[in-house]
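Have a look at my_file07.txt below; it lists compact mmCIF, C-alpha atoms.
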```txt
# COMPACT_ATOMS: atom_id res chain seq x y z
CA HIS A 925 7.49 50.49 -21.28
CA GLU A 926 5.28 47.45 -20.78
CA ARG A 927 2.12 48.54 -22.57
CA ALA A 928 1.09 46.42 -25.53
CA TYR A 929 0.99 48.12 -28.89
CA VAL A 930 -0.41 47.60 -32.37
CA VAL A 931 0.81 48.99 -35.70
CA PHE A 932 -1.49 49.77 -38.63
CA ASP A 933 -0.63 50.43 -42.24
CA PHE A 934 -2.47 53.49 -43.53
CA ASP A 935 -3.20 53.74 -47.27
CA ASN A 936 -5.50 50.98 -48.50
CA THR A 937 -5.75 49.61 -44.95
CA SER A 938 -6.78 52.27 -42.45
CA ILE A 939 -8.42 54.25 -45.23
CA TYR A 940 -9.90 53.40 -48.60
CA ASN A 941 -7.31 54.23 -51.28
CA ASP A 942 -4.21 56.43 -51.08
CA ILE A 943 -3.85 59.93 -49.63
CA GLU A 944 -0.59 60.72 -51.46
CA ASP A 945 -2.19 59.87 -54.82
CA HIS A 946 -5.12 62.15 -54.06
CA THR A 947 -2.97 65.02 -52.82
CA THR A 948 -0.75 64.89 -55.92
CA LEU A 949 -3.72 64.85 -58.31
CA TYR A 950 -5.47 67.60 -56.35
CA MET A 951 -2.33 69.76 -56.54
CA THR A 952 -2.15 69.15 -60.28
CA GLN A 953 -5.85 69.80 -60.86
CA GLN A 954 -5.67 73.06 -58.90
CA LEU A 955 -2.19 74.01 -60.17
CA ALA A 956 -1.28 74.40 -56.51
CA PHE A 957 2.49 74.40 -57.05
CA ARG A 958 4.93 76.74 -55.32
CA MET A 959 7.85 76.16 -57.72
CA THR A 960 9.10 78.45 -60.45
CA ALA A 961 9.52 76.93 -63.90
CA GLU A 962 13.26 76.56 -63.25
CA GLU A 963 12.69 74.92 -59.86
CA PHE A 964 10.15 72.52 -61.33
CA SER A 965 12.55 71.46 -64.07
CA SER A 966 15.46 71.03 -61.64
CA SER A 967 13.35 69.09 -59.16
CA LEU A 968 12.20 66.55 -61.74
CA GLN A 969 15.79 65.91 -62.86
CA ALA A 970 17.36 65.69 -59.38
CA GLY A 971 18.65 62.59 -57.64
CA PRO A 972 20.82 59.53 -58.29
CA PHE A 973 18.53 58.08 -60.94
CA ASP A 974 19.17 56.80 -64.42
CA PHE A 975 16.97 59.18 -66.37
CA ASN A 976 17.94 57.45 -69.62
CA LEU A 977 15.72 54.52 -68.74
CA PRO A 978 12.40 54.41 -70.64
CA ILE A 979 9.55 56.23 -68.89
CA SER A 980 7.73 52.90 -69.07
CA PRO A 981 8.63 49.42 -70.39
CA GLU A 982 5.88 49.84 -72.99
CA PHE A 983 7.62 52.94 -74.42
CA SER A 984 11.22 51.89 -74.89
CA SER A 985 12.04 54.78 -77.24
CA LEU A 986 10.96 57.53 -74.79
CA THR A 987 13.39 58.08 -71.93
CA THR A 988 12.41 59.47 -68.55
CA LEU A 989 14.50 62.57 -69.32
CA ASP A 990 12.73 63.08 -72.66
CA PHE A 991 9.41 62.85 -70.88
CA ILE A 992 10.49 65.27 -68.14
CA GLN A 993 11.38 67.78 -70.82
CA LEU A 994 7.87 67.46 -72.29
CA LEU A 995 6.37 67.97 -68.85
CA THR A 996 8.53 70.97 -67.97
CA THR A 997 7.78 72.65 -71.31
CA ASP A 998 4.07 72.58 -70.46
CA TYR A 999 4.70 73.68 -66.86
CA CYS A 1000 6.74 76.63 -68.10
CA GLN A 1001 3.80 77.81 -70.21
CA LEU A 1002 1.35 77.30 -67.34
CA TYR A 1003 3.68 79.15 -64.99
CA THR A 1004 3.85 82.11 -67.36
CA GLN A 1005 0.09 82.16 -67.95
CA TYR A 1006 -1.16 81.46 -64.43
CA LEU A 1007 1.33 80.76 -61.63
CA SER A 1008 3.91 83.50 -61.96
CA PRO A 1009 3.48 86.45 -59.55
CA SER A 1010 4.32 88.77 -62.43
CA THR A 1011 1.45 87.53 -64.62
CA SER A 1012 -0.72 90.58 -65.28
CA SER A 1013 -3.71 88.98 -67.02
CA ARG A 1014 -4.43 85.64 -65.37
CA PRO A 1015 -7.22 83.43 -66.79
CA SER A 1016 -9.66 81.75 -64.45
CA LEU A 1017 -8.58 78.29 -63.34
CA SER A 1018 -11.78 76.74 -64.68
CA LEU A 1019 -11.10 78.23 -68.12
CA LEU A 1020 -7.47 77.13 -68.05
CA GLN A 1021 -8.47 73.59 -67.03
CA ARG A 1022 -10.40 73.24 -70.29
CA SER A 1023 -7.42 74.20 -72.44
CA PRO A 1024 -5.45 71.59 -74.41
CA LEU A 1025 -2.29 72.79 -72.63
CA PHE A 1026 -3.65 72.02 -69.16
CA GLN A 1027 -5.22 68.74 -70.19
CA ARG A 1028 -1.93 67.57 -71.72
CA PHE A 1029 -0.03 68.64 -68.60
CA TYR A 1030 -2.54 66.89 -66.31
CA PHE A 1031 -2.25 63.67 -68.30
CA HIS A 1032 1.55 63.83 -68.37
CA MET A 1033 1.68 64.47 -64.62
CA ARG A 1034 -0.40 61.36 -63.99
CA VAL A 1035 1.90 59.36 -66.24
CA PHE A 1036 5.07 60.69 -64.59
CA TYR A 1037 3.83 60.20 -61.02
CA THR A 1038 2.69 56.64 -61.74
CA ALA A 1039 5.71 55.59 -63.80
CA PHE A 1040 8.36 57.16 -61.57
CA ASN A 1041 6.95 55.54 -58.43
CA GLN A 1042 6.90 52.17 -60.16
CA ARG A 1043 10.41 52.33 -61.64
CA TYR A 1044 12.60 54.11 -59.07
CA THR A 1045 13.32 53.76 -55.34
CA ARG A 1046 13.59 56.39 -52.62
CA LEU A 1047 16.84 56.80 -50.68
CA ALA A 1048 17.33 58.70 -47.42
CA GLY A 1049 18.77 62.17 -47.99
CA GLN A 1050 18.20 61.99 -51.74
CA ALA A 1051 15.87 63.92 -54.01
CA TRP A 1052 12.55 62.37 -54.96
CA PRO A 1053 11.21 63.89 -58.19
CA ALA A 1054 7.71 62.45 -57.66
CA TYR A 1055 7.20 64.84 -54.72
CA PHE A 1056 5.89 68.31 -55.60
CA TYR A 1057 5.76 70.03 -52.18
CA GLN A 1058 8.75 72.34 -52.58
CA GLY A 1059 8.02 75.85 -51.33
CA TYR A 1060 5.28 74.80 -48.91
CA SER A 1061 5.55 75.60 -45.22
CA SER A 1062 4.35 72.97 -42.77
CA THR A 1063 1.18 74.96 -42.11
CA ASP A 1064 0.40 75.51 -45.79
CA LEU A 1065 1.00 71.86 -46.67
CA PHE A 1066 -1.31 70.83 -43.83
CA THR A 1067 -4.02 73.14 -45.24
CA LEU A 1068 -3.51 71.91 -48.81
CA THR A 1069 -3.71 68.27 -47.70
CA GLN A 1070 -6.93 68.92 -45.80
CA GLN A 1071 -8.41 70.43 -48.96
CA ALA A 1072 -7.28 67.39 -50.95
CA LEU A 1073 -8.79 65.04 -48.35
CA LYS A 1074 -12.11 66.90 -48.52
CA TRP A 1075 -12.04 66.64 -52.31
CA GLY A 1076 -11.19 62.93 -52.17
CA SER A 1077 -13.93 62.28 -49.62
CA GLN A 1078 -16.49 63.64 -52.08
CA LEU A 1079 -15.37 61.48 -54.99
CA PRO A 1080 -17.14 58.19 -55.68
CA LEU A 1081 -15.16 55.07 -54.84
CA THR A 1082 -14.17 53.76 -58.26
CA TYR A 1083 -11.21 53.08 -60.51
CA THR A 1084 -10.62 55.64 -63.24
CA SER A 1085 -8.06 55.91 -66.02
CA LEU A 1086 -7.05 58.31 -68.75
CA THR A 1087 -6.08 57.08 -72.19
CA ALA A 1088 -4.03 59.17 -74.60
CA PRO A 1089 -0.82 58.99 -76.65
CA LEU A 1090 2.31 60.11 -74.79
CA LEU A 1091 3.43 61.97 -77.90
CA PRO A 1092 1.30 63.72 -80.53
CA SER A 1093 3.00 61.66 -83.25
CA SER A 1094 2.50 58.35 -81.43
CA THR A 1095 -0.25 55.85 -82.15
CA GLN A 1096 0.49 53.94 -78.93
CA ASN A 1097 -1.58 55.01 -75.94
CA PHE A 1098 -0.69 55.12 -72.26
CA ARG A 1099 -3.34 54.54 -69.62
CA PRO A 1100 -2.48 55.75 -66.08
CA GLY A 1101 -5.02 54.49 -63.56
CA PHE A 1102 -6.23 55.94 -60.29
CA SER A 1103 -8.27 54.36 -57.48
CA GLN A 1104 -10.28 57.42 -56.51
CA GLY A 1105 -12.26 58.30 -53.43
CA LEU A 1106 -11.19 58.43 -49.79
CA ARG A 1107 -13.23 56.93 -46.96
CA LEU A 1108 -12.56 56.06 -43.33
CA PRO A 1109 -13.98 52.54 -42.74
CA LEU A 1110 -16.01 52.67 -39.54
CA ASP A 1111 -14.90 49.18 -38.49
CA ILE A 1112 -11.29 50.37 -38.62
CA LEU A 1113 -12.14 53.45 -36.56
CA HIS A 1114 -13.91 51.28 -33.99
CA LEU A 1115 -10.88 49.00 -33.86
CA TYR A 1116 -8.58 51.97 -33.17
CA GLN A 1117 -10.97 53.13 -30.44
CA ALA A 1118 -11.18 49.66 -28.87
CA PHE A 1119 -7.40 49.33 -28.65
CA LYS A 1120 -7.13 52.75 -27.06
CA ALA A 1121 -9.91 51.93 -24.56
CA HIS A 1122 -7.96 48.83 -23.49
CA GLN A 1123 -4.73 50.81 -22.95
CA ILE A 1124 -3.08 49.40 -26.08
CA GLU A 1125 -0.94 51.94 -27.87
CA VAL A 1126 -1.77 52.45 -31.55
CA TYR A 1127 0.78 53.41 -34.20
CA ILE A 1128 0.52 54.11 -37.93
CA LEU A 1129 3.35 53.08 -40.25
CA SER A 1130 2.85 54.56 -43.71
CA ALA A 1131 4.68 54.93 -47.03
CA SER A 1132 2.99 58.31 -47.56
CA PRO A 1133 4.76 61.53 -46.54
CA LEU A 1134 4.49 62.28 -42.81
CA PRO A 1135 2.78 65.71 -43.17
CA LEU A 1136 0.03 64.12 -45.29
CA VAL A 1137 -0.63 61.33 -42.80
CA GLN A 1138 -0.69 63.81 -39.91
CA ALA A 1139 -3.26 65.90 -41.79
CA ALA A 1140 -5.38 62.81 -42.53
CA VAL A 1141 -5.31 61.65 -38.90
CA HIS A 1142 -6.57 65.09 -37.87
CA TYR A 1143 -9.14 65.40 -40.67
CA PHE A 1144 -10.75 61.99 -40.20
CA GLY A 1145 -10.37 61.87 -36.42
CA TYR A 1146 -8.20 58.81 -35.88
CA PRO A 1147 -7.66 58.45 -32.10
CA LEU A 1148 -3.88 58.59 -31.85
CA ALA A 1149 -1.20 61.18 -31.16
CA THR A 1150 0.84 62.59 -34.04
CA ASP A 1151 4.05 61.23 -32.48
CA HIS A 1152 2.63 57.74 -33.04
CA ILE A 1153 2.84 58.20 -36.83
CA LEU A 1154 5.83 56.77 -38.66
CA ALA A 1155 6.00 57.83 -42.30
CA MET A 1156 8.21 59.30 -45.02
CA LYS A 1157 10.04 62.38 -43.73
CA LEU A 1158 10.78 65.22 -46.12
CA GLN A 1159 13.82 67.45 -45.96
CA ARG A 1160 13.12 71.08 -45.02
CA ASP A 1161 15.16 74.18 -45.70
CA SER A 1162 16.32 76.74 -43.15
CA THR A 1163 12.93 78.50 -43.25
CA ASP A 1164 11.01 75.25 -42.57
CA HIS A 1165 9.77 74.98 -46.14
CA MET A 1166 9.50 71.55 -47.76
CA GLN A 1167 11.98 70.25 -50.28
CA ASN A 1168 11.31 67.49 -52.79
CA ARG A 1169 13.76 65.13 -51.12
CA MET A 1170 13.88 62.59 -48.35
CA ALA A 1171 15.18 63.76 -44.98
CA LYS A 1172 18.75 62.79 -44.15
CA GLY A 1173 18.93 59.68 -41.99
CA ALA A 1174 15.19 59.08 -42.28
CA PHE A 1175 13.69 55.63 -42.60
CA ILE A 1176 12.22 54.72 -45.97
CA THR A 1177 8.91 53.40 -44.62
CA GLN A 1178 8.13 51.25 -47.62
CA GLY A 1179 8.79 47.57 -48.29
CA LYS A 1180 11.60 46.21 -46.11
CA GLY A 1181 12.13 49.72 -44.74
CA LYS A 1182 8.95 49.32 -42.71
CA LYS A 1183 10.47 46.46 -40.70
CA GLU A 1184 13.66 48.48 -40.19
CA ALA A 1185 11.58 51.34 -38.78
CA LEU A 1186 9.72 48.95 -36.47
CA ASP A 1187 12.95 47.33 -35.26
CA GLN A 1188 14.80 50.57 -34.63
CA LEU A 1189 12.05 52.97 -33.58
CA LEU A 1190 9.33 50.97 -31.85
CA LYS A 1191 11.03 47.93 -30.37
CA PRO A 1192 13.34 50.04 -28.16
CA LEU A 1193 10.28 51.82 -26.74
CA HIS A 1194 8.58 48.52 -25.89
CA ARG A 1195 11.40 46.50 -24.33
CA GLN A 1196 12.41 45.03 -27.70
CA LYS A 1197 9.04 43.37 -28.14
CA LEU A 1198 7.62 43.14 -31.64
```
For the file at hand, write its structure as structure tokens.
Amino acid sequence: HERAYVVFDFDNTSIYNDIEDHTTLYMTQQLAFRMTAEEFSSSLQAGPFDFNLPISPEFSSLTTLDFIQLLTTDYCQLYTQYLSPSTSSRPSLSLLQRSPLFQRFYFHMRVFYTAFNQRYTRLAGQAWPAYFYQGYSSTDLFTLTQQALKWGSQLPLTYTSLTAPLLPSSTQNFRPGFSQGLRLPLDILHLYQAFKAHQIEVYILSASPLPLVQAAVHYFGYPLATDHILAMKLQRDSTDHMQNRMAKGAFITQGKGKKEALDQLLKPLHRQKL
């Protein structure tokens, strides 16, 4: 059609900071995982990746696979103590969060999420170990994301980091950082509203997972339809539950993949105009 259109990036553009970062840390803080210990371990080791690469250039002697094994060992203990349906005597989450086990797991999760996203690249139809949504239905993931957005909206806007050794025997520290706090800039909201008032179609093109962006658009009240959101699509199983992998044939809406999505999804809708 002939209507003009505009495309916005989302994280760090249409909103202060990153919704995927906040959702992942919120899930970790709340232990809001739906995976068994075996599923967690398998998920982190899935995909066409060289897991023998160092977890970080600064730690050449510690491979990604070695680090995954550390992480899954802690998750297995947390699953037994807290997450497993068969656990008979479950501690309170607040008590568990103060334990050395949880604090080590939380630190290692921040390291893994940061390092894996920096070192490896998503591919359509392939697993992505830095996603942790397996077992969530669309409705439950929407609810979880809204809770994470509320939590992020209450955090002060600042940069935080944790500093600790990756291994108990190591004297070398790792320091994963996090730009915390989510806010909708009012000037951005007014810009969205002005485009809509002038019959200009507004789209979002994001590197965050699609269900998270849809939840954020609803939570913060961005004036656009959900079918105007282009973002990372996750594979779902036969019961509509999320898998920790990219959907087959989906666009990787990051880097050069964003232009490919624009060229192949939006230009045909707007008479090849870009």
task = Using only C-alpha atoms, determine which residues lie at most 12 Å from region 1109-1124 of chain A, disregarding the query and same-chain residues fewer than 6 positions distant; provide the list as a list of chain:residue names.
result = A:His925, A:Glu926, A:Arg927, A:Ala928, A:Tyr929, A:Val930, A:Val931, A:Phe932, A:Asp933, A:Phe934, A:Asp935, A:Asn936, A:Thr937, A:Ser938, A:Ile939, A:Tyr940, A:Asn941, A:Ser1077, A:Val1141, A:Phe1144, A:Gly1145, A:Tyr1146, A:Pro1147, A:Leu1148, A:Ala1149, A:His1194
ask   = Using all atoms listed in the file, which residues sit within 9 Å of Leu955 (chain A) once same-chain residues fewer than 6 positions away are excluded, as a PyMOL selection string?
value = chain A and resi 1002+1006-1007+1017
message = Using only C-alpha atoms for the distances, tell me which of A:Phe983, A:Gln1001, A:Tyr1055, A:Met1033 is nearest to Ser1094 (chain A).
response = A:Phe983
inquiry  = Between CA of Asp998 (chain A) and CA of Ser1018 (chain A), what distance in Å does the model show, to one decimal?
reply    = 17.4 Å
message = List the spatial neighbours of Gln953 (chain A) as a ChimeraX atom specification - criterion: any atom at most 9 Å away, all atoms listed in the file, same-chain residues fewer than 3 positions off excluded.
response = /A:948-950,956,1021,1026,1030
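Candidate residues A:Leu1193, A:Met1170, A:Val1035, A:Val1126 were compared for distance to Ala1155 (chain A), and the nearest is A:Met1170, using only C-alpha atoms.
Nearest-residue note for Tyr1083 (chain A): choosing from A:Ser1103, A:Asn976, A:Ser967, A:Thr1067, the minimum distance belongs to A:Ser1103, counting all atoms listed in the file.
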ask   = Which of these, A:Lys1180, A:Arg1022, A:His946, A:His1152, has the shortest distance to Leu1136 (chain A) once you count all atoms listed in the file?
value = A:His946
message = Set the distance at 12 Å and use all atoms listed in the file: which residues neighbour Thr988 (chain A) once local chain neighbours fewer than 5 positions away are removed? I'd like the list as JSON, numbers by chain.
response = {"A": [968, 969, 973, 974, 975, 976, 977, 978, 979, 980, 981, 983, 993, 994, 995, 1032, 1035, 1036, 1037, 1039, 1040, 1043, 1044, 1053, 1090]}
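Distances from A:Ile1176, A:Ile1153, A:Ala1048, A:Met1166 to Ala1139 (chain A) were compared using all atoms listed in the file, and the smallest one belongs to A:Ile1153.
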ask   = In Å, with one decimal, what is the gap from CA of Leu1079 (chain A) to CA of Val1137 (chain A)?
value =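 Taking CA of Leu1079 (chain A) and CA of Val1137 (chain A), their separation equals 19.1 Å.
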inquiry  = Counting only C-alpha atoms, which residue out of A:Ile1128, A:Ala1088, A:Ala1140, A:Leu1108 sits closest to Gln1070 (chain A)?
reply    =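 Answer, going by the shortest atom-to-atom distance: A:Ala1140.
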query = Counting all atoms listed in the file, what is within 9 Å of Tyr1060 (chain A), bar same-chain residues fewer than 5 positions away, as a count of residues only?
reply = 7
inquiry  = Please list, as an NGL selection string, the residues that have an atom at most 8 Å away from (15.0, 61.1, -51.6) in the coordinates of this file, counting only C-alpha atoms.
reply    = :A and (971 or 1046-1052 or 1168-1171)
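Note that CA of Tyr999 (chain A) and CA of Pro1080 (chain A) are 29.0 Å apart.
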